[in-house]
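Shown next: input.pdb, given as PDB, C-alpha atoms and all ligand atoms.
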```pdb
ATOM      1  CA  MET C   1       0.000   0.000   0.000
ATOM      2  CA  LYS C   2       1.107   3.542  -0.699
ATOM      3  CA  GLY C   3       1.092   6.630   1.456
ATOM      4  CA  LYS C   4       2.805   9.921   2.191
ATOM      5  CA  VAL C   5       4.848  10.712   5.302
ATOM      6  CA  ILE C   6       3.621  13.948   6.853
ATOM      7  CA  LYS C   7       5.300  13.923  10.249
ATOM      8  CA  ASN C   8       8.302  12.465  12.004
ATOM      9  CA  ILE C   9       8.819  12.594  15.731
ATOM     10  CA  ALA C  10      11.875  10.660  16.858
ATOM     11  CA  ASP C  11      11.435   8.174  14.009
ATOM     12  CA  LYS C  12       7.772   7.545  14.657
ATOM     13  CA  PHE C  13       6.082   8.534  11.442
ATOM     14  CA  THR C  14       2.617   9.724  10.511
ATOM     15  CA  ILE C  15       1.426   8.507   7.107
ATOM     16  CA  VAL C  16      -1.583   9.516   5.032
ATOM     17  CA  SER C  17      -2.743   6.627   2.881
ATOM     18  CA  GLU C  18      -3.921   7.040  -0.698
ATOM     19  CA  ASP C  19      -7.506   7.013   0.535
ATOM     20  CA  ASP C  20      -6.768   9.640   3.192
ATOM     21  CA  VAL C  21      -6.562   7.371   6.228
ATOM     22  CA  ILE C  22      -4.067   8.696   8.763
ATOM     23  CA  PHE C  23      -1.734   6.231  10.486
ATOM     24  CA  GLU C  24       0.201   7.567  13.448
ATOM     25  CA  ASN C  25       3.279   6.192  15.223
ATOM     26  CA  CYS C  26       4.379   4.090  12.274
ATOM     27  CA  LYS C  27       7.712   2.357  12.333
ATOM     28  CA  ALA C  28      10.123   1.696   9.496
ATOM     29  CA  ARG C  29      11.617  -1.568   8.348
ATOM     30  CA  GLY C  30      15.288  -2.501   8.647
ATOM     31  CA  ASN C  31      17.790  -0.062   7.212
ATOM     32  CA  LEU C  32      15.123   2.607   6.698
ATOM     33  CA  LYS C  33      15.203   3.026  10.464
ATOM     34  CA  GLN C  34      18.487   4.856  10.104
ATOM     35  CA  ASN C  35      18.361   8.413  11.293
ATOM     36  CA  GLY C  36      17.157  10.803   8.603
ATOM     37  CA  LYS C  37      16.600   8.192   5.884
ATOM     38  CA  ILE C  38      12.897   8.881   5.701
ATOM     39  CA  LEU C  39      11.903  12.483   5.173
ATOM     40  CA  VAL C  40       8.621  14.201   5.682
ATOM     41  CA  GLY C  41       7.084  14.366   2.187
ATOM     42  CA  ASP C  42       8.334  10.937   1.186
ATOM     43  CA  ASN C  43       5.985   8.707  -0.743
ATOM     44  CA  VAL C  44       6.318   5.282   0.779
ATOM     45  CA  GLU C  45       5.100   1.739   0.542
ATOM     46  CA  TYR C  46       3.836   0.308   3.778
ATOM     47  CA  SER C  47       2.359  -2.887   5.071
ATOM     48  CA  ILE C  48       0.042  -3.533   7.989
ATOM     49  CA  GLU C  49       1.465  -5.624  10.786
ATOM     50  CA  LEU C  50      -0.628  -6.359  13.886
ATOM     51  CA  GLY C  51      -2.899  -3.447  12.969
ATOM     52  CA  GLU C  52      -0.027  -0.989  12.571
ATOM     53  CA  ALA C  53       1.538   0.462   9.431
ATOM     54  CA  VAL C  54       5.199  -0.355   8.805
ATOM     55  CA  ILE C  55       7.170   1.568   6.163
ATOM     56  CA  GLU C  56       8.799  -0.850   3.726
ATOM     57  CA  LYS C  57      10.180   1.304   0.919
ATOM     58  CA  ILE C  58      10.727   4.932  -0.085
ATOM     59  CA  ASP C  59       9.834   6.034  -3.631
ATOM     60  CA  CYS C  60      12.229   8.172  -5.686
ATOM     61  CA  ARG C  61      12.130  11.833  -4.699
ATOM     62  CA  ILE C  62      11.568  14.756  -7.029
ATOM     63  CA  ASN C  63      13.610  16.942  -4.659
ATOM     64  CA  GLU C  64      14.781  17.291  -1.082
ATOM     65  CA  PHE C  65      15.479  20.232   1.183
ATOM     66  CA  ILE C  66      17.773  20.361   4.182
ATOM     67  CA  ARG C  67      16.246  23.274   6.046
ATOM     68  CA  PRO C  68      13.476  22.440   6.603
ATOM     69  CA  PRO C  69      14.143  18.717   6.030
ATOM     70  CA  ILE C  70      11.451  17.821   3.548
ATOM     71  CA  ALA C  71      11.138  15.869   0.300
ATOM     72  CA  ASN C  72       8.881  16.186  -2.723
ATOM     73  CA  LEU C  73       7.848  19.790  -2.301
ATOM     74  CA  GLN C  74       5.709  20.419  -5.386
ATOM     75  CA  ILE C  75       4.554  24.018  -5.195
ATOM     76  CA  MET C  76       5.951  27.185  -3.685
ATOM     77  CA  LEU C  77       3.482  30.022  -3.329
ATOM     78  CA  ILE C  78       5.628  33.154  -3.454
ATOM     79  CA  VAL C  79       3.507  35.886  -1.935
ATOM     80  CA  ILE C  80       4.019  39.510  -2.927
ATOM     81  CA  SER C  81       2.050  42.727  -2.610
ATOM     82  CA  GLU C  82       2.299  46.408  -3.353
ATOM     83  CA  LYS C  83       2.742  47.104   0.360
ATOM     84  CA  PRO C  84       5.339  46.305   1.575
ATOM     85  CA  ALA C  85       7.076  47.278  -1.685
ATOM     86  CA  VAL C  86       7.859  44.229  -3.742
ATOM     87  CA  ASP C  87      11.488  43.099  -3.895
ATOM     88  CA  LEU C  88      11.749  41.715  -7.431
ATOM     89  CA  LEU C  89      15.312  40.504  -6.932
ATOM     90  CA  LEU C  90      14.229  38.359  -3.983
ATOM     91  CA  LEU C  91      11.274  37.150  -6.048
ATOM     92  CA  ASP C  92      13.562  36.144  -8.920
ATOM     93  CA  LYS C  93      15.912  34.346  -6.534
ATOM     94  CA  LEU C  94      13.014  32.403  -5.074
ATOM     95  CA  ILE C  95      11.790  31.522  -8.578
ATOM     96  CA  LEU C  96      15.272  30.410  -9.613
ATOM     97  CA  ASN C  97      15.615  28.312  -6.480
ATOM     98  CA  CYS C  98      12.279  26.642  -7.289
ATOM     99  CA  LYS C  99      13.395  25.833 -10.818
ATOM    100  CA  ILE C 100      16.715  24.399  -9.589
ATOM    101  CA  LYS C 101      14.832  22.260  -7.094
ATOM    102  CA  ASN C 102      12.109  21.165  -9.473
ATOM    103  CA  VAL C 103       9.379  22.941  -7.519
ATOM    104  CA  LYS C 104       6.601  24.789  -9.349
ATOM    105  CA  PRO C 105       6.661  28.459  -8.342
ATOM    106  CA  ILE C 106       3.407  30.420  -8.286
ATOM    107  CA  ILE C 107       3.409  34.167  -7.710
ATOM    108  CA  VAL C 108       0.524  35.061  -5.422
ATOM    109  CA  ILE C 109      -0.304  38.756  -5.503
ATOM    110  CA  ASN C 110      -2.092  39.421  -2.217
ATOM    111  CA  LYS C 111      -4.154  42.332  -0.853
ATOM    112  CA  GLU C 112      -6.178  42.648  -4.060
ATOM    113  CA  ASP C 113      -8.648  44.768  -2.064
ATOM    114  CA  ILE C 114      -6.161  47.612  -1.586
ATOM    115  CA  ILE C 115      -3.654  47.461  -4.437
ATOM    116  CA  LYS C 116      -3.763  49.348  -7.732
ATOM    117  CA  ALA C 117      -4.742  47.474 -10.889
ATOM    118  CA  SER C 118      -1.615  48.896 -12.494
ATOM    119  CA  PHE C 119       0.550  47.037  -9.957
ATOM    120  CA  ILE C 120      -1.010  43.714 -10.989
ATOM    121  CA  GLU C 121      -0.659  44.553 -14.677
ATOM    122  CA  ASN C 122       2.991  45.460 -14.209
ATOM    123  CA  ILE C 123       3.820  42.159 -12.487
ATOM    124  CA  LYS C 124       1.937  40.240 -15.193
ATOM    125  CA  GLU C 125       3.902  42.083 -17.854
ATOM    126  CA  ILE C 126       7.293  41.421 -16.247
ATOM    127  CA  TYR C 127       6.630  37.700 -15.798
ATOM    128  CA  LYS C 128       4.651  37.003 -18.966
ATOM    129  CA  ASP C 129       7.405  34.925 -20.604
ATOM    130  CA  SER C 130       8.874  33.502 -17.404
ATOM    131  CA  GLY C 131       6.629  30.445 -17.308
ATOM    132  CA  VAL C 132       5.543  31.337 -13.779
ATOM    133  CA  ASP C 133       1.811  31.341 -13.044
ATOM    134  CA  ILE C 134       0.320  34.328 -11.252
ATOM    135  CA  LEU C 135      -2.703  34.312  -8.975
ATOM    136  CA  VAL C 136      -4.363  37.370  -7.474
ATOM    137  CA  VAL C 137      -5.990  37.028  -4.064
ATOM    138  CA  SER C 138      -7.205  38.957  -1.079
ATOM    139  CA  ALA C 139      -6.856  37.205   2.241
ATOM    140  CA  VAL C 140      -9.284  39.779   3.673
ATOM    141  CA  THR C 141     -12.167  39.414   1.203
ATOM    142  CA  GLY C 142     -11.419  35.823   0.155
ATOM    143  CA  LYS C 143     -11.181  36.801  -3.491
ATOM    144  CA  GLY C 144      -9.182  34.309  -5.558
ATOM    145  CA  LYS C 145      -9.367  31.642  -2.875
ATOM    146  CA  ASP C 146     -10.961  28.980  -5.087
ATOM    147  CA  ASP C 147      -8.287  29.325  -7.766
ATOM    148  CA  LEU C 148      -5.605  29.121  -5.111
ATOM    149  CA  VAL C 149      -7.116  25.968  -3.629
ATOM    150  CA  ASP C 150      -7.410  24.456  -7.130
ATOM    151  CA  ALA C 151      -3.751  25.199  -7.811
ATOM    152  CA  ILE C 152      -2.446  23.397  -4.737
ATOM    153  CA  GLN C 153      -4.989  20.618  -4.233
ATOM    154  CA  GLY C 154      -3.471  17.214  -3.625
ATOM    155  CA  LYS C 155       0.066  18.600  -3.835
ATOM    156  CA  ILE C 156       2.631  19.502  -1.196
ATOM    157  CA  ALA C 157       2.831  23.287  -1.113
ATOM    158  CA  CYS C 158       4.562  25.907   1.006
ATOM    159  CA  LEU C 159       4.430  29.670   1.288
ATOM    160  CA  SER C 160       7.311  32.091   1.047
ATOM    161  CA  GLY C 161       7.801  35.815   0.668
ATOM    162  CA  GLN C 162       8.792  39.014   2.427
ATOM    163  CA  SER C 163       7.545  39.855   5.877
ATOM    164  CA  ALA C 164       4.039  41.379   6.067
ATOM    165  CA  VAL C 165       2.926  40.381   2.555
ATOM    166  CA  GLY C 166       0.173  38.256   4.114
ATOM    167  CA  LYS C 167       1.434  34.681   4.330
ATOM    168  CA  SER C 168      -0.213  34.062   7.698
ATOM    169  CA  SER C 169      -3.410  35.696   6.495
ATOM    170  CA  ILE C 170      -3.479  33.432   3.428
ATOM    171  CA  ILE C 171      -3.007  30.351   5.622
ATOM    172  CA  ASN C 172      -5.959  31.494   7.714
ATOM    173  CA  MET C 173      -8.033  32.003   4.575
ATOM    174  CA  LEU C 174      -7.190  28.482   3.370
ATOM    175  CA  LEU C 175      -8.117  26.980   6.717
ATOM    176  CA  ASP C 176     -11.349  28.867   7.282
ATOM    177  CA  LYS C 177     -13.496  25.750   7.415
ATOM    178  CA  ASN C 178     -11.197  24.201   9.950
ATOM    179  CA  GLU C 179     -12.214  24.296  13.603
ATOM    180  CA  LYS C 180      -8.756  24.599  15.034
ATOM    181  CA  VAL C 181      -7.855  27.389  12.681
ATOM    182  CA  GLY C 182      -5.869  29.538  15.116
ATOM    183  CA  GLU C 183      -3.828  26.710  16.484
ATOM    184  CA  LEU C 184      -3.142  25.030  13.165
ATOM    185  CA  SER C 185      -2.202  28.199  11.325
ATOM    186  CA  LYS C 186       0.288  29.074  14.067
ATOM    187  CA  LYS C 187       1.838  25.646  13.727
ATOM    188  CA  ILE C 188       2.168  26.000   9.964
ATOM    189  CA  GLU C 189       3.695  29.459  10.225
ATOM    190  CA  ARG C 190       6.238  28.731  12.859
ATOM    191  CA  GLY C 191       7.464  25.274  12.092
ATOM    192  CA  LYS C 192       9.896  23.939  14.641
ATOM    193  CA  ASN C 193      13.150  25.734  14.840
ATOM    194  CA  THR C 194      15.327  22.659  14.710
ATOM    195  CA  THR C 195      17.241  21.142  11.847
ATOM    196  CA  ARG C 196      15.531  17.787  12.206
ATOM    197  CA  HIS C 197      11.909  18.733  12.437
ATOM    198  CA  ALA C 198       9.516  19.386   9.619
ATOM    199  CA  GLU C 199       5.841  18.775   9.224
ATOM    200  CA  ILE C 200       3.264  18.776   6.487
ATOM    201  CA  HIS C 201      -0.187  19.797   7.583
ATOM    202  CA  PHE C 202      -2.815  17.750   5.807
ATOM    203  CA  ILE C 203      -6.195  19.436   5.629
ATOM    204  CA  LYS C 204      -8.454  16.632   4.607
ATOM    205  CA  GLU C 205     -11.580  18.666   3.862
ATOM    206  CA  GLN C 206      -9.781  20.593   1.126
ATOM    207  CA  ASN C 207      -7.183  17.973   0.211
ATOM    208  CA  ILE C 208      -4.379  20.422   0.930
ATOM    209  CA  TYR C 209      -0.879  19.565   2.120
ATOM    210  CA  LEU C 210       0.833  22.655   3.538
ATOM    211  CA  ALA C 211       4.457  22.425   4.632
ATOM    212  CA  ASP C 212       5.750  24.494   7.522
ATOM    213  CA  THR C 213       6.373  28.001   6.241
ATOM    214  CA  ALA C 214       9.423  28.928   8.307
ATOM    215  CA  GLY C 215      12.656  28.612   6.372
ATOM    216  CA  PHE C 216      11.487  28.817   2.771
ATOM    217  CA  SER C 217      11.871  32.580   2.357
ATOM    218  CA  LYS C 218      15.570  32.474   3.124
ATOM    219  CA  PHE C 219      18.358  30.565   1.512
ATOM    220  CA  ASP C 220      22.032  30.706   2.361
ATOM    221  CA  ALA C 221      23.200  30.406  -1.211
ATOM    222  CA  LEU C 222      21.653  29.212  -4.415
ATOM    223  CA  ASP C 223      22.893  25.712  -5.004
ATOM    224  CA  ILE C 224      24.007  26.105  -8.603
ATOM    225  CA  ALA C 225      27.031  26.946 -10.756
ATOM    226  CA  TYR C 226      26.738  30.489 -12.131
ATOM    227  CA  ASN C 227      27.015  29.364 -15.749
ATOM    228  CA  LYS C 228      23.936  27.147 -15.314
ATOM    229  CA  ILE C 229      21.585  29.913 -14.188
ATOM    230  CA  GLU C 230      20.730  30.953 -17.715
ATOM    231  CA  GLU C 231      19.213  27.531 -18.389
ATOM    232  CA  PHE C 232      16.430  28.390 -15.972
ATOM    233  CA  MET C 233      15.505  31.656 -17.675
ATOM    234  CA  GLN C 234      12.562  30.645 -19.840
ATOM    235  CA  GLU C 235      12.720  34.069 -21.506
ATOM    236  CA  PHE C 236      16.004  33.000 -23.127
ATOM    237  CA  ASP C 237      14.634  29.752 -24.591
ATOM    238  CA  GLU C 238      13.705  31.212 -27.957
ATOM    239  CA  PHE C 239      17.081  32.885 -28.449
ATOM    240  CA  ARG C 240      19.974  31.029 -26.823
ATOM    241  CA  CYS C 241      20.460  28.573 -29.681
ATOM    242  CA  ASP C 242      21.359  31.533 -31.921
ATOM    243  CA  CYS C 243      24.145  32.777 -29.642
ATOM    244  CA  HIS C 244      27.543  32.493 -31.301
ATOM    245  CA  TYR C 245      29.428  31.030 -28.327
ATOM    246  CA  LYS C 246      28.206  28.015 -26.433
ATOM    247  CA  PRO C 247      27.882  28.247 -23.545
ATOM    248  CA  CYS C 248      27.036  31.939 -23.563
ATOM    249  CA  SER C 249      26.679  33.993 -20.395
ATOM    250  CA  HIS C 250      24.505  36.525 -22.268
ATOM    251  CA  ILE C 251      26.365  39.139 -20.200
ATOM    252  CA  PHE C 252      29.976  39.472 -21.307
ATOM    253  CA  GLU C 253      29.626  38.576 -24.980
ATOM    254  CA  LYS C 254      29.226  41.317 -27.563
ATOM    255  CA  GLU C 255      25.683  41.991 -28.681
ATOM    256  CA  GLN C 256      26.373  40.820 -32.244
ATOM    257  CA  ASP C 257      27.440  37.435 -30.821
ATOM    258  CA  CYS C 258      24.601  37.076 -28.314
ATOM    259  CA  ALA C 259      21.036  36.555 -29.506
ATOM    260  CA  VAL C 260      19.706  37.079 -25.976
ATOM    261  CA  LYS C 261      21.312  40.516 -25.684
ATOM    262  CA  SER C 262      20.085  41.420 -29.092
ATOM    263  CA  ALA C 263      16.553  40.301 -28.159
ATOM    264  CA  LEU C 264      16.823  42.380 -25.006
ATOM    265  CA  ASN C 265      17.725  45.379 -27.092
ATOM    266  CA  ASP C 266      14.690  44.767 -29.301
ATOM    267  CA  CYS C 267      12.488  44.640 -26.153
ATOM    268  CA  LYS C 268      11.716  40.951 -26.696
ATOM    269  CA  ILE C 269      13.038  40.111 -23.226
ATOM    270  CA  ASN C 270      11.925  41.960 -20.120
ATOM    271  CA  LYS C 271      14.666  44.283 -18.828
ATOM    272  CA  ASN C 272      13.765  43.767 -15.197
ATOM    273  CA  ARG C 273      14.094  40.008 -15.487
ATOM    274  CA  TYR C 274      17.335  40.318 -17.444
ATOM    275  CA  ASN C 275      18.903  42.757 -14.960
ATOM    276  CA  ASN C 276      18.000  40.487 -12.063
ATOM    277  CA  TYR C 277      19.478  37.534 -13.952
ATOM    278  CA  LYS C 278      22.682  39.532 -14.318
ATOM    279  CA  GLN C 279      22.764  40.457 -10.636
ATOM    280  CA  ILE C 280      22.132  36.906  -9.496
ATOM    281  CA  TYR C 281      24.806  35.652 -11.908
ATOM    282  CA  GLU C 282      27.345  38.124 -10.541
ATOM    283  CA  GLN C 283      26.494  37.381  -6.910
ATOM    284  CA  ILE C 284      26.854  33.653  -7.410
ATOM    285  CA  LYS C 285      30.025  34.044  -9.455
ATOM    286  CA  ASN C 286      31.618  36.179  -6.737
ATOM    287  CA  ALA C 287      30.639  33.728  -4.020
ATOM    288  CA  TRP C 288      31.915  30.866  -6.161
ATOM    289  CA  GLU C 289      35.271  32.528  -6.808
ATOM    290  CA  SER C 290      35.858  33.460  -3.200
ATOM    291  CA  ARG C 291      35.193  29.847  -2.293
ATOM    292  CA  TYR C 292      37.210  28.023  -4.960
ATOM    293  CA  GLU C 293      39.900  30.369  -6.220
TER     294      GLU C 293
HETATM  295  N1  LIG Q 301      -6.076  44.890   3.075
HETATM  296  C1  LIG Q 301      -5.496  43.708   3.206
HETATM  297  N2  LIG Q 301      -4.619  43.508   4.230
HETATM  298  C2  LIG Q 301      -4.049  42.289   4.331
HETATM  299  C3  LIG Q 301      -4.340  41.242   3.430
HETATM  300  N3  LIG Q 301      -3.615  40.159   3.798
HETATM  301  C4  LIG Q 301      -2.905  40.513   4.874
HETATM  302  N4  LIG Q 301      -3.165  41.799   5.207
HETATM  303  C5  LIG Q 301      -2.568  42.554   6.330
HETATM  304  O1  LIG Q 301      -1.158  42.639   6.147
HETATM  305  C6  LIG Q 301      -0.472  42.548   7.378
HETATM  306  C7  LIG Q 301       0.558  41.442   7.338
HETATM  307  O2  LIG Q 301      -0.098  40.181   7.177
HETATM  308  P1  LIG Q 301       0.521  38.826   7.704
HETATM  309  O3  LIG Q 301      -0.394  37.749   7.274
HETATM  310  O4  LIG Q 301       0.838  38.935   9.144
HETATM  311  O5  LIG Q 301       1.889  38.797   6.880
HETATM  312  P2  LIG Q 301       3.053  37.679   6.903
HETATM  313  O6  LIG Q 301       3.516  37.518   5.508
HETATM  314  O7  LIG Q 301       2.590  36.473   7.611
HETATM  315  O8  LIG Q 301       4.200  38.439   7.712
HETATM  316  P3  LIG Q 301       5.407  37.737   8.537
HETATM  317  O9  LIG Q 301       4.829  36.719   9.457
HETATM  318  O10 LIG Q 301       6.046  38.887   9.254
HETATM  319  O11 LIG Q 301       6.360  37.163   7.547
HETATM  320  C8  LIG Q 301      -1.548  42.331   8.431
HETATM  321  O12 LIG Q 301      -1.845  43.572   9.027
HETATM  322  C9  LIG Q 301      -2.729  41.824   7.644
HETATM  323  O13 LIG Q 301      -3.966  42.153   8.238
HETATM  324  C10 LIG Q 301      -5.279  41.493   2.376
HETATM  325  O14 LIG Q 301      -5.594  40.651   1.531
HETATM  326  N5  LIG Q 301      -5.809  42.746   2.319
HETATM  327 MG    MG Q 302       3.324  35.500   9.372
HETATM  328 ZN    ZN Q 303      23.985  34.806 -25.423
END
```
Serialized structure, C-alpha cells:
Amino acid sequence: MKGKVIKNIADKFTIVSEDDVIFENCKARGNLKQNGKILVGDNVEYSIELGEAVIEKIDCRINEFIRPPIANLQIMLIVISEKPAVDLLLLDKLILNCKIKNVKPIIVINKEDIIKASFIENIKEIYKDSGVDILVVSAVTGKGKDDLVDAIQGKIACLSGQSAVGKSSIINMLLDKNEKVGELSKKIERGKNTTRHAEIHFIKEQNIYLADTAGFSKFDALDIAYNKIEEFMQEFDEFRCDCHYKPCSHIFEKEQDCAVKSALNDCKINKNRYNNYKQIYEQIKNAWESRYE
C-alpha cells in the first residue's frame, strides 16, 4: 500500500494513505530506520502488521530540502504585494531556487482589495514569458481563494515571501473551514526551529498539504554553478540557440554574438528580469570565486 509521510517525531512517522486514512506512530523496516533516511514528504510503501503500518520502501524523490528537512515539495506560493514594496530581486531568486529544485513556483499577488490594478498589470507584464503562473488574491475578502485551492490541491505546497505580505493571512483564509484554525495556522507558520523537524499539515476537507512556512523565504546560497543559471531563464529559450558562443553567459559577450542581448535590445526580453538575472549571476560568481579560487 502507498502513502505519504507527513510527520516524524523521533522516528515515529505519521502517514496519510492514498484514501486519506491517517496512520500515526508508524515504524520503518530494517535499514530505513536509520536516522534521517525517511523524510517528511516521502511517498512510501507500507504494510500492515498487527494493525499498525510499517514503512517498507521509499519512492524516488523529485527533490529534497535540508532546512526544513522535507522531500517532494511540489509548489511554492511566493507571496508579494504592493505594500510592503515588492522586492523583485528576492522574487527572482526564489523563482530560480524553485526551478533548480524542481518545484513549481506560483506568484501570489495578495491584498487585491487595496492594491492598484496597475501594480497587478505590471507584475503580469514582467513575468509574462517567465513560465511562472500568477494568482491574485485577497486574504481579507477571500477573493481568488478557489483558484488558489485548485492550484495546490493534492500537492505539497509551502508559502514564502517578504515579511508582512500576508502569508499568515493566506493560511488562515485556506483553513477557514477548519475548527482549530488559530492553532493550526500558528503551527504551519512557525514550524519547529530545529534542523531535524519538519511537518506537512494535511487538511483533509480541502485535500491540501501545507508544509511548515518557516525557512522557505531564506536561503544561504543558491545551489548552482553560475554558468547554469541561464538555463532556468525561460525568456532566453527562444534565443539562446542563436548565440555564437556556447555556452554563452549573455552578459559578457558582444551583442552581435549574443542573440539574448540582441533580443533584449529589441524589447523581446523583459529588462527587469534580465537585470535580475545579471545580478544573481554576478552574486553567485563572486561567491563561487571566493570559495574556490
Ligand atoms: N487589506 C489587506 N490587508 C491584508 C491582506 N492580507 C494581509 N493583510 C494585512 O497585512 C499585514 C501582514 O499580514 P501577515 O499575514 O501577518 O503577513 P506575513 O507575511 O505572515 O508576515 P510575517 O509573518 O512577518 O512574515 C496584516 O496587518 C494583515 O492584516 C489582504 O488581503 N488585504
Ligand atoms: Mg506570518
Ligand atoms: Zn547569449
Self-check item: Nearest to Ile70 in chain C, chosen from C:Leu39, C:Val44, C:Ala287, C:Val140, with only C-alpha atoms counted in the distances
Solution: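 Result for the nearest residue to Ile70 in chain C: C:Leu39.
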Quiz item: Once the PyMOL selection byres (((chain C and resi 245) around 12) and not hetatm) has been applied to the shown file, what residues remain in the selection, as a PyMOL selection string?
Solution: chain C and resi 240-244+246-260
Self-check item: Separation of CA of Cys60 in chain C from CA of Glu45 in chain C, in Å and rounded to one decimal
Solution: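 CA of Glu45 in chain C lies at a distance of 11.4 Å from CA of Cys60 in chain C.
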Quiz item: CA of Ile106 in chain C and CA of Asp20 in chain C, how far apart in Å?
Solution: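 About the pair CA of Asp20 in chain C and CA of Ile106 in chain C: they are 25.8 Å apart.
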Find the residues around Asn35 in chain C up to 9 Å (all atoms listed in the file counted), leave out those fewer than 2 positions away in its own chain, and share them as a PDB file with C-alpha atoms, in the frame of the given file.
```pdb
ATOM      1  CA  ALA C  10      11.875  10.660  16.858  1.00  0.00           C
ATOM      2  CA  ASP C  11      11.435   8.174  14.009  1.00  0.00           C
ATOM      3  CA  LEU C  32      15.123   2.607   6.698  1.00  0.00           C
ATOM      4  CA  LYS C  33      15.203   3.026  10.464  1.00  0.00           C
ATOM      5  CA  LYS C  37      16.600   8.192   5.884  1.00  0.00           C
ATOM      6  CA  ILE C  38      12.897   8.881   5.701  1.00  0.00           C
TER       7      ILE C  38
END
```
Self-check item: Selected residue, from C:Asn110, C:Asp92, C:Leu175, C:Ala164, that lies nearest to Ile229 in chain C when counting all atoms listed in the file
Solution: C:Asp92
Practice problem: Let me have all residues with an atom within 8 Å of ligand MG 302 (chain Q), counting all atoms listed in the file, laid out as a VMD selection string. | Solution: chain C and resid 163 to 164 166 to 169 189
Practice problem: Dump the neighbourhood of ligand LIG 301 (chain Q) as a ChimeraX atom specification: all residues within 12 Å, distances computed on all atoms listed in the file. | Solution: /C:77-84,108-116,136-145,159-173,185-186,188-190,213-218
Quiz item: Quick one: of C:Leu94, C:Val103, C:Leu135, C:Ile156, who's nearest to Asn63 in chain C, counting all atoms listed in the file?
Solution: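 So, comparing all the options, the nearest one is C:Val103.
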Quiz prompt | Of the listed residues C:Ile9, C:Leu184, C:Ala198, C:Leu264, that which approaches ligand ZN 303 (chain Q) most closely, counting all atoms listed in the file | solution = C:Leu264
Extract, using all atoms listed in the file, all DNA, RNA and protein residues at most 12 Å from Asn275 in chain C, discarding same-chain residues fewer than 2 positions from it, and format them as an mmCIF file with C-alpha atoms, in the coordinates of the input.
```cif
data_model
loop_
_atom_site.group_PDB
_atom_site.id
_atom_site.type_symbol
_atom_site.label_atom_id
_atom_site.label_comp_id
_atom_site.auth_asym_id
_atom_site.auth_seq_id
_atom_site.Cartn_x
_atom_site.Cartn_y
_atom_site.Cartn_z
ATOM 1 C CA LEU C 88 11.749 41.715 -7.431
ATOM 2 C CA LEU C 89 15.312 40.504 -6.932
ATOM 3 C CA ASP C 92 13.562 36.144 -8.920
ATOM 4 C CA ILE C 126 7.293 41.421 -16.247
ATOM 5 C CA MET C 233 15.505 31.656 -17.675
ATOM 6 C CA HIS C 250 24.505 36.525 -22.268
ATOM 7 C CA ILE C 251 26.365 39.139 -20.200
ATOM 8 C CA LYS C 261 21.312 40.516 -25.684
ATOM 9 C CA LEU C 264 16.823 42.380 -25.006
ATOM 10 C CA ILE C 269 13.038 40.111 -23.226
ATOM 11 C CA ASN C 270 11.925 41.960 -20.120
ATOM 12 C CA LYS C 271 14.666 44.283 -18.828
ATOM 13 C CA ASN C 272 13.765 43.767 -15.197
ATOM 14 C CA ARG C 273 14.094 40.008 -15.487
ATOM 15 C CA TYR C 277 19.478 37.534 -13.952
ATOM 16 C CA LYS C 278 22.682 39.532 -14.318
ATOM 17 C CA GLN C 279 22.764 40.457 -10.636
ATOM 18 C CA ILE C 280 22.132 36.906 -9.496
ATOM 19 C CA TYR C 281 24.806 35.652 -11.908
ATOM 20 C CA GLU C 282 27.345 38.124 -10.541
#
```
Quiz item: Of the candidates C:Glu121, C:Asp266, C:Glu230, C:Asp150, which shows the shortest atom-to-atom distance to ligand ZN 303 (chain Q), using all atoms listed in the file?
Solution: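 Checking each candidate against ligand ZN 303 (chain Q), we get C:Glu230 as the closest.
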Quiz item: Hey, can you check how far CA of Glu24 in chain C sits from CA of Ile152 in chain C?
Solution: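 Atom-to-atom, CA of Glu24 in chain C and CA of Ile152 in chain C are spaced 24.3 Å apart.
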Quiz item: From the list C:Gly30, C:Tyr274, C:Ser262, C:Gln234, which residue is nearest ligand ZN 303 (chain Q) when using all atoms listed in the file?
Solution: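 Closest to ligand ZN 303 (chain Q) of all the choices is C:Ser262.
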Quiz item: How would you write, as a PyMOL selection string, the residues chosen by the PyMOL selection byres (((chain C and resi 21) around 12) and not hetatm) on this structure?
Solution: chain C and resi 1-5+14-20+22-24+53+202+204
Quiz prompt | Surrounding residues of Gly131 in chain C excluding itself and chain neighbours under 4 positions, 12 Å, only C-alpha atoms, as a VMD selection string | solution = chain C and resid 95 to 96 99 104 to 107 124 to 127 232 to 237
Practice problem: Convert the output of the PyMOL selection byres (((chain C and resi 201) around 8) and not hetatm) on the shown file into explicit residues, formatted as a list in words. | Solution: Ile6, Ile188, Glu199, Ile200, Phe202, Ile203, Ile208, Tyr209, Leu210, Ala211 and Asp212 of chain C
Using the file's own x, y and z axes, so that the box edges lie along x, y and z, what centre and edge lengths in Å (one decimal) does a box around every listed atom of range 234-244 of chain C get when 6 Å is added on each side? Give it as JSON.
```
{"center_x": 20.1, "center_y": 31.3, "center_z": -25.9, "size_x": 27.0, "size_y": 17.5, "size_z": 24.1}
```
